[in-house]
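Asker: Got a structure for you, questions after.
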Amino acid sequence: MKILYTNFHVGSGGGQDTYIRDLAVAMSRTHQVTVASPPGSHLATKFKDTPGVETVEIHFKLRWHMMLRETLKLRKLIETRRFDIIHVNGSADHRQVMLALVGMRNRPEVVFTKHNTYAATSLGNWFRAKFATRLTIAVSDHVSEMLARKSPYKNVVVIKHGVRAIGHEALNWDEIRTRRSALLGVDSSDAIILGSAAGTGESKGWADLVAALMLLPVDLRSRFRIWLAGTDPSAAQRAMVARCGLDQQIVFTGSLDSVQDLLAVTDVSFVLSYYESLSYACREAMAMGCPMLVSNVGGLPENVSNGVDGWIVPPRNASAIAQVLRDIVADPGRVRLMGHMAAMKARSEFCFESFVAATQGVYMDAMSVQLIASKQLA
């Protein structure tokens, strides 16, 4: 099978980058894989030394004067390589693939993954669903239900992201303290570490965790250290942290290719977003043995069993978060047990091989539909 993955993100695409990278690498073991991505994109750099995955530079978020040139470039790529499947991952690349396929004979089948919770009811979505989508993948039950209620995408299958097997050594307490000091500063060695790789945007809700800390007595508040991976925060965000007197307790790590070393010394991970389709960051943290604190939005609650391997709190609710923080301080033994349960769930429910097999099954189904249609026309 010849597969083309398209990515519109110029910079980092977060979990979507991980999704495309993981699928492309896995599929390249048995199929011919090409990834089309903007020049210099974060995803393209990840494939620089990856055997079996070819990368092609194509712009997808275009100014109008570039549209014809880049669309013709994409069309030529499709005609030359004769792909069986094009797997699109956003509105910009989906639109350009649709335009590139206009009037083309022997068209490849297009599979679209809906990664977010943005409405899919526009005229553009209607055109893309009708003219350039054979099957649609929803990354969570929440996204599937959203598409079923109000969207032109009807052939929808839910495939939740699997997490690649993560091997990490068991650390004793002295080793954990040493690594914490190296990664987060000397005064973090005996602290309670909260961490998130979900990003630093305002919609990620981490400011609600800051507000929750301010509801705690000073002696409890001082017990916590927090790390946040993602793009550097804005000046306004840093000023807010400083006003709260927490600038020595919160570490902004910047964007990282891997957060496993940090997760290995983290007590509790959190994703407190205001909207979220599923969250790869959540699943990766659970696979590393971190219980999760998540907001009750989108597909986030699909990852966590409340009180078993994490906590589910209402969005934008600092009081509810503060109560969880009090519980964490009061019963560290329970927190460790919840981390063990999170890792067990990841092994049983976040299977990477099942994720890849299910996605390949969608490709085969899409090609089967094409074959049946060709026989009927004949």
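Ligands are numbered from 1 in the order shown, chains are lettered A, B, ... in the order of the structure tokens, and residues start at 1 in each chain.
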As JSON, numbers by chain, please: every residue in range 15-244 of chain A that DSSP puts in helix (DSSP H, G or I).
Answerer: {"A": [15, 16, 17, 18, 19, 20, 21, 22, 23, 24, 25, 26, 27, 42, 43, 44, 45, 46, 64, 65, 66, 67, 68, 69, 70, 71, 72, 73, 74, 75, 76, 77, 78, 79, 80, 81, 91, 92, 93, 94, 95, 96, 97, 98, 99, 100, 101, 123, 124, 125, 126, 127, 128, 129, 130, 131, 141, 142, 143, 144, 145, 146, 147, 148, 149, 173, 174, 175, 176, 177, 178, 179, 180, 181, 182, 183, 184, 186, 187, 188, 202, 203, 204, 206, 207, 208, 209, 210, 211, 212, 213, 214, 218, 219, 220, 221, 235, 236, 237, 238, 239, 240, 241, 242, 243]}
Asker: Name the residues in contact with range 96-110 of chain A at a cut-off of 9 Å, using only C-alpha atoms, excluding same-chain residues fewer than 4 positions from it; report them as an MDAnalysis selection string.
Answerer: chainID A and resid 6 60 67 70:76 78:79 82:88 91:92 127:128 131:136 363 366:367 370
Asker: Could you write those residues out with N, CA, C and O atoms, as a compact mmCIF listing (two decimals), in the first residue's frame?
Answerer:
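Generated file (again13.txt):
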```
# COMPACT_ATOMS: atom_id res chain seq x y z
N THR A 6 -0.64 13.97 5.23
CA THR A 6 -0.47 15.41 5.05
C THR A 6 -0.57 16.12 6.40
O THR A 6 -1.38 15.77 7.25
N PHE A 60 0.56 24.23 2.98
CA PHE A 60 -0.89 23.99 3.01
C PHE A 60 -1.67 25.22 3.49
O PHE A 60 -2.77 25.47 3.01
N MET A 67 -1.61 29.48 -3.94
CA MET A 67 -2.53 28.35 -3.95
C MET A 67 -2.36 27.48 -5.20
O MET A 67 -2.24 26.25 -5.10
N GLU A 70 1.16 25.51 -5.31
CA GLU A 70 1.30 24.42 -4.35
C GLU A 70 0.29 23.30 -4.60
O GLU A 70 0.60 22.13 -4.37
N THR A 71 -0.89 23.66 -5.09
CA THR A 71 -1.88 22.63 -5.40
C THR A 71 -1.44 21.80 -6.60
O THR A 71 -1.59 20.57 -6.59
N LEU A 72 -0.87 22.44 -7.61
CA LEU A 72 -0.35 21.70 -8.76
C LEU A 72 0.84 20.82 -8.35
O LEU A 72 1.00 19.71 -8.88
N LYS A 73 1.65 21.31 -7.44
CA LYS A 73 2.77 20.51 -6.93
C LYS A 73 2.24 19.25 -6.22
O LYS A 73 2.77 18.14 -6.42
N LEU A 74 1.21 19.42 -5.41
CA LEU A 74 0.60 18.29 -4.72
C LEU A 74 -0.03 17.32 -5.73
O LEU A 74 0.11 16.10 -5.60
N ARG A 75 -0.73 17.86 -6.74
CA ARG A 75 -1.36 17.01 -7.74
C ARG A 75 -0.32 16.16 -8.49
O ARG A 75 -0.52 14.96 -8.72
N LYS A 76 0.78 16.80 -8.84
CA LYS A 76 1.85 16.07 -9.54
C LYS A 76 2.40 14.95 -8.66
O LYS A 76 2.68 13.84 -9.14
N ILE A 78 0.80 13.31 -6.33
CA ILE A 78 -0.20 12.25 -6.25
C ILE A 78 -0.23 11.43 -7.54
O ILE A 78 -0.29 10.19 -7.51
N GLU A 79 -0.17 12.11 -8.67
CA GLU A 79 -0.20 11.41 -9.96
C GLU A 79 1.06 10.57 -10.16
O GLU A 79 1.00 9.44 -10.68
N ARG A 82 1.14 7.63 -7.36
CA ARG A 82 -0.03 6.74 -7.43
C ARG A 82 -0.36 6.15 -6.05
O ARG A 82 -0.39 4.93 -5.85
N PHE A 83 -0.62 7.04 -5.11
CA PHE A 83 -0.95 6.62 -3.75
C PHE A 83 -2.28 5.86 -3.72
O PHE A 83 -3.20 6.15 -4.50
N ASP A 84 -2.38 4.92 -2.81
CA ASP A 84 -3.64 4.22 -2.56
C ASP A 84 -4.50 4.99 -1.56
O ASP A 84 -5.72 5.04 -1.69
N ILE A 85 -3.83 5.59 -0.56
CA ILE A 85 -4.51 6.29 0.53
C ILE A 85 -3.84 7.64 0.75
O ILE A 85 -2.59 7.73 0.79
N ILE A 86 -4.65 8.67 0.90
CA ILE A 86 -4.17 9.95 1.42
C ILE A 86 -4.86 10.17 2.75
O ILE A 86 -6.09 10.18 2.82
N HIS A 87 -4.08 10.35 3.79
CA HIS A 87 -4.61 10.53 5.14
C HIS A 87 -4.42 11.99 5.53
O HIS A 87 -3.29 12.42 5.79
N VAL A 88 -5.52 12.74 5.55
CA VAL A 88 -5.47 14.17 5.84
C VAL A 88 -5.82 14.40 7.31
O VAL A 88 -6.53 13.62 7.93
N SER A 91 -8.22 21.00 8.20
CA SER A 91 -9.01 21.60 7.13
C SER A 91 -8.14 22.13 5.99
O SER A 91 -8.50 22.02 4.81
N ALA A 92 -6.96 22.70 6.30
CA ALA A 92 -6.12 23.29 5.27
C ALA A 92 -5.58 22.23 4.31
O ALA A 92 -5.65 22.38 3.08
N PHE A 127 -18.22 20.46 1.40
CA PHE A 127 -17.52 20.13 0.15
C PHE A 127 -16.48 19.04 0.38
O PHE A 127 -16.37 18.09 -0.40
N ARG A 128 -15.68 19.19 1.45
CA ARG A 128 -14.62 18.21 1.70
C ARG A 128 -15.19 16.83 2.02
O ARG A 128 -14.65 15.81 1.60
N PHE A 131 -16.71 15.46 -1.51
CA PHE A 131 -15.84 15.26 -2.66
C PHE A 131 -14.45 14.71 -2.34
O PHE A 131 -13.72 14.34 -3.26
N ALA A 132 -14.08 14.66 -1.07
CA ALA A 132 -12.72 14.21 -0.76
C ALA A 132 -12.63 13.51 0.58
O ALA A 132 -11.66 13.70 1.32
N THR A 133 -13.62 12.69 0.91
CA THR A 133 -13.55 11.91 2.15
C THR A 133 -14.27 10.58 1.94
O THR A 133 -15.49 10.57 1.71
N ARG A 134 -13.53 9.49 2.02
CA ARG A 134 -14.18 8.18 1.96
C ARG A 134 -14.60 7.74 3.36
O ARG A 134 -15.71 7.30 3.57
N LEU A 135 -13.69 7.84 4.31
CA LEU A 135 -13.98 7.47 5.70
C LEU A 135 -13.36 8.50 6.63
O LEU A 135 -12.34 9.12 6.31
N THR A 136 -13.98 8.67 7.81
CA THR A 136 -13.51 9.63 8.80
C THR A 136 -13.17 8.91 10.10
O THR A 136 -13.92 8.05 10.57
N TYR A 363 -7.99 1.97 6.27
CA TYR A 363 -7.43 2.10 4.92
C TYR A 363 -7.95 0.97 4.02
O TYR A 363 -8.34 1.21 2.87
N ALA A 366 -11.56 1.53 3.12
CA ALA A 366 -11.70 2.58 2.11
C ALA A 366 -11.38 2.05 0.72
O ALA A 366 -12.08 2.33 -0.26
N MET A 367 -10.34 1.26 0.61
CA MET A 367 -9.97 0.70 -0.68
C MET A 367 -10.97 -0.35 -1.15
O MET A 367 -11.24 -0.48 -2.36
N GLN A 370 -13.86 1.39 -2.82
CA GLN A 370 -13.47 1.80 -4.17
C GLN A 370 -13.54 0.62 -5.12
O GLN A 370 -14.04 0.74 -6.26
```
Asker: Within 9 Å of range 15-23 of chain A, which residues of range 165-280 of chain A come that close, and what is the closest atom pair and distance in Å for each? Count only C-alpha atoms and give it as CSV.
Answerer:
```
residue,atom,partner,partner_atom,distance
A:Ala198,CA,A:Gly15,CA,8.4
A:Ser279,CA,A:Gly15,CA,7.1
A:Tyr280,CA,A:Gly15,CA,5.7
```
Asker: Taking only C-alpha atoms into account, which of A:Val324, A:Val308, A:Ala24, A:Cys351 comes nearest Arg336 in chain A?
Answerer: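 The shortest atom-to-atom distance to Arg336 in chain A comes from A:Val308.
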Asker: Provide the CA of Ile192 in chain A to CA of Asp267 in chain A distance in Å, to one decimal place.
Answerer: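 Separation of CA of Ile192 in chain A and CA of Asp267 in chain A: 6.3 Å.
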Asker: Measuring between only C-alpha atoms, which one of A:Asn7, A:Ser258, A:Asn125, A:Thr178 shows the shortest distance to Lys154 in chain A?
Answerer: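 Closest residue, counting only C-alpha atoms: A:Asn125.
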Asker: Each residue of range 240-259 of chain A lying at most 8 Å from range 221-230 of chain A should get a row with its shortest atom-to-atom pair and the distance in Å to one decimal, counting only C-alpha atoms; could you produce that, ordered by chain and increasing number, as JSON lines?
Answerer:
```
{"residue": "A:Gln249", "atom": "CA", "partner": "A:Arg225", "partner_atom": "CA", "distance": 4.9}
{"residue": "A:Ile250", "atom": "CA", "partner": "A:Ile226", "partner_atom": "CA", "distance": 4.7}
{"residue": "A:Val251", "atom": "CA", "partner": "A:Trp227", "partner_atom": "CA", "distance": 4.7}
{"residue": "A:Phe252", "atom": "CA", "partner": "A:Leu228", "partner_atom": "CA", "distance": 5.0}
{"residue": "A:Thr253", "atom": "CA", "partner": "A:Ala229", "partner_atom": "CA", "distance": 5.1}
{"residue": "A:Gly254", "atom": "CA", "partner": "A:Gly230", "partner_atom": "CA", "distance": 5.0}
{"residue": "A:Ser255", "atom": "CA", "partner": "A:Gly230", "partner_atom": "CA", "distance": 4.2}
{"residue": "A:Leu256", "atom": "CA", "partner": "A:Ala229", "partner_atom": "CA", "distance": 6.7}
{"residue": "A:Val259", "atom": "CA", "partner": "A:Ala229", "partner_atom": "CA", "distance": 7.9}
```
Asker: Next, write the just-selected residues to a file, as a short mmCIF file (atom, residue, chain, number, x, y, z; two decimals), in the first residue's frame, keeping all heavy atoms as the atom set.
Answerer:
```
data_model
loop_
_atom_site.label_atom_id
_atom_site.label_comp_id
_atom_site.auth_asym_id
_atom_site.auth_seq_id
_atom_site.Cartn_x
_atom_site.Cartn_y
_atom_site.Cartn_z
N GLN A 249 8.27 28.30 41.94
CA GLN A 249 7.68 26.96 42.05
C GLN A 249 7.20 26.40 40.71
O GLN A 249 6.86 25.22 40.63
CB GLN A 249 6.50 26.97 43.03
CG GLN A 249 6.90 27.22 44.47
CD GLN A 249 5.70 27.30 45.41
OE1 GLN A 249 5.48 28.30 46.07
NE2 GLN A 249 4.92 26.23 45.45
N ILE A 250 7.18 27.22 39.68
CA ILE A 250 6.70 26.78 38.37
C ILE A 250 7.83 26.89 37.36
O ILE A 250 8.46 27.95 37.23
CB ILE A 250 5.49 27.63 37.91
CG1 ILE A 250 4.32 27.43 38.90
CG2 ILE A 250 5.08 27.26 36.50
CD1 ILE A 250 3.09 28.24 38.55
N VAL A 251 8.10 25.80 36.67
CA VAL A 251 9.17 25.74 35.67
C VAL A 251 8.54 25.57 34.30
O VAL A 251 7.79 24.63 34.06
CB VAL A 251 10.12 24.56 35.95
CG1 VAL A 251 11.17 24.45 34.85
CG2 VAL A 251 10.78 24.72 37.31
N PHE A 252 8.85 26.50 33.39
CA PHE A 252 8.45 26.38 31.99
C PHE A 252 9.62 25.76 31.24
O PHE A 252 10.68 26.39 31.11
CB PHE A 252 8.08 27.74 31.41
CG PHE A 252 6.87 28.37 32.06
CD1 PHE A 252 7.02 29.36 33.03
CD2 PHE A 252 5.59 27.96 31.71
CE1 PHE A 252 5.91 29.94 33.63
CE2 PHE A 252 4.48 28.54 32.31
CZ PHE A 252 4.64 29.53 33.27
N THR A 253 9.45 24.56 30.75
CA THR A 253 10.56 23.82 30.16
C THR A 253 10.81 24.18 28.69
O THR A 253 11.85 23.83 28.14
CB THR A 253 10.31 22.31 30.23
OG1 THR A 253 9.22 21.97 29.35
CG2 THR A 253 9.98 21.87 31.65
N GLY A 254 9.83 24.86 28.05
CA GLY A 254 9.89 25.02 26.61
C GLY A 254 9.41 23.76 25.91
O GLY A 254 9.03 22.77 26.56
N SER A 255 9.42 23.78 24.59
CA SER A 255 8.98 22.60 23.82
C SER A 255 10.04 21.51 23.91
O SER A 255 11.23 21.77 23.74
CB SER A 255 8.74 22.98 22.36
OG SER A 255 7.67 23.91 22.26
N LEU A 256 9.60 20.29 24.16
CA LEU A 256 10.50 19.15 24.31
C LEU A 256 10.08 18.04 23.37
O LEU A 256 8.89 17.78 23.18
CB LEU A 256 10.48 18.63 25.75
CG LEU A 256 10.86 19.60 26.86
CD1 LEU A 256 10.59 18.97 28.22
CD2 LEU A 256 12.31 20.02 26.73
N VAL A 259 9.20 14.00 27.01
CA VAL A 259 9.01 14.42 28.41
C VAL A 259 9.12 13.22 29.35
O VAL A 259 8.77 13.32 30.53
CB VAL A 259 7.65 15.11 28.60
CG1 VAL A 259 7.61 16.44 27.87
CG2 VAL A 259 6.50 14.22 28.16
#
```
